[in-house]
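A.B. asks: Would you mind keeping the following structure in view while I ask a few things?
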Amino acid sequence: MAAVPKTSIIKDTPLCAAAGYIGGTVMEQFNMTTFQRLEPEQDQEREREVRPDMPFNVAARRIAGWLGTELDEEQTQKVGMALHQLLPISWVPVYRACAGAPPCPR
């Protein structure tokens with residue numbers, strides 16, 4: 001069995017955070033392009049009817065509610081976008097926890 005290469009938290013953490021941010025941004029663009037080009041207009045309209053706002057804005061309002069506060073529209077947009085961008089980056093600790101684990105058996 002090959003030795004597991006040692007990793008450096010100093011090198012890996014910013015690299016993983018950047019990869020998460022870039023991956024999230026690319027997936028967002030891909031999903032929006034796919035939605036706009038491939039889904040029939042009727043399906044798009046139905047989705048807009050049942051989804052009152054972007055999911056990350058809904059999450060921002062819910063979190064604010066749990067904290068006992070309300071956000072205005074501008075605050076909702078800012079907090080929602082922060083949540084949207086931070087979600088992929090939040091996987092950095094998971095990667096770091098698994099980085100030293102032995103590889104899966106073949």
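All residue names refer to the structure tokens as shown: chains lettered A, B, ... in order, residues numbered from 1 in each chain, ligands numbered from 1 in order.
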Counting only C-alpha atoms, what is within 8 Å of Gly20 in chain A, bar same-chain residues fewer than 6 positions away, as number ranges by chain?

C.D. replies: A: 88-89, 91-92

A.B. asks: Could you write out the selected residues, including N, CA and C atoms, as a PDB file, in the first residue's frame?

C.D. replies:
ATOM      1  N   PRO A  88     -19.957  26.539  -0.159  1.00  0.00           N
ATOM      2  CA  PRO A  88     -18.939  25.617  -0.677  1.00  0.00           C
ATOM      3  C   PRO A  88     -17.640  25.668   0.138  1.00  0.00           C
ATOM      4  N   ILE A  89     -17.299  26.844   0.643  1.00  0.00           N
ATOM      5  CA  ILE A  89     -16.066  26.991   1.420  1.00  0.00           C
ATOM      6  C   ILE A  89     -16.177  26.266   2.756  1.00  0.00           C
ATOM      7  N   TRP A  91     -16.876  23.424   3.384  1.00  0.00           N
ATOM      8  CA  TRP A  91     -16.409  22.041   3.326  1.00  0.00           C
ATOM      9  C   TRP A  91     -14.908  21.914   3.605  1.00  0.00           C
ATOM     10  N   VAL A  92     -14.209  23.013   3.769  1.00  0.00           N
ATOM     11  CA  VAL A  92     -12.771  22.951   4.056  1.00  0.00           C
ATOM     12  C   VAL A  92     -12.465  22.086   5.283  1.00  0.00           C
TER      13      VAL A  92
END

A.B. asks: Can you list, as a PyMOL selection string, all residues belonging to chain A that DSSP tags as alpha helix (DSSP H)?

C.D. replies: chain A and resi 9-38+41-50+55-66+73-89+92-99

A.B. asks: I'd like the neighbourhood of range 55-68 of chain A as a ChimeraX atom specification, where a residue qualifies if any of its atoms comes within 7 Å (using only C-alpha atoms), though same-chain residues fewer than 2 positions away should be ignored.

C.D. replies: /A:53,70-71,76-77,79-81,83-84

A.B. asks: Hey, can you check how far CA of Lys78 in chain A sits from CA of Glu47 in chain A?

C.D. replies: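 Distance reported for this atom pair: 23.3 Å.
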
A.B. asks: Report, in Å with one decimal, the straight-line distance from CA of Phe35 in chain A to CA of Met54 in chain A.

C.D. replies: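 Computing the Euclidean distance for CA of Phe35 in chain A and CA of Met54 in chain A yields 13.8 Å.
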
A.B. asks: Take CA of Asp12 in chain A and CA of Asn31 in chain A and report the distance between them in Å, one decimal.

C.D. replies: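 Interatomic distance here is 27.6 Å.
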
A.B. asks: Can you pull out every residue within 10 Å of range 15-18 of chain A, counting only C-alpha atoms, but drop anything in the same chain fewer than 3 positions away, and send it as a PyMOL selection string?

C.D. replies: chain A and resi 9-12+21-24+86+88-93+95-96

A.B. asks: Could you write out the selected residues, including C-alpha atoms, as an mmCIF file, in the first residue's frame?

C.D. replies:
data_model
loop_
_atom_site.group_PDB
_atom_site.id
_atom_site.type_symbol
_atom_site.label_atom_id
_atom_site.label_comp_id
_atom_site.auth_asym_id
_atom_site.auth_seq_id
_atom_site.Cartn_x
_atom_site.Cartn_y
_atom_site.Cartn_z
ATOM 1 C CA ILE A 9 -3.010 22.853 6.828
ATOM 2 C CA ILE A 10 -1.257 26.128 5.990
ATOM 3 C CA LYS A 11 -1.214 25.254 2.268
ATOM 4 C CA ASP A 12 -4.434 23.270 2.022
ATOM 5 C CA TYR A 21 -15.466 29.503 -4.042
ATOM 6 C CA ILE A 22 -14.549 28.881 -7.687
ATOM 7 C CA GLY A 23 -16.527 25.634 -7.803
ATOM 8 C CA GLY A 24 -19.588 27.314 -6.321
ATOM 9 C CA LEU A 86 -19.612 30.529 2.047
ATOM 10 C CA PRO A 88 -18.939 25.617 -0.677
ATOM 11 C CA ILE A 89 -16.066 26.991 1.420
ATOM 12 C CA SER A 90 -17.582 25.445 4.549
ATOM 13 C CA TRP A 91 -16.409 22.041 3.326
ATOM 14 C CA VAL A 92 -12.771 22.951 4.056
ATOM 15 C CA PRO A 93 -12.848 21.406 7.574
ATOM 16 C CA TYR A 95 -11.512 17.972 3.632
ATOM 17 C CA ARG A 96 -8.941 18.681 6.321
#
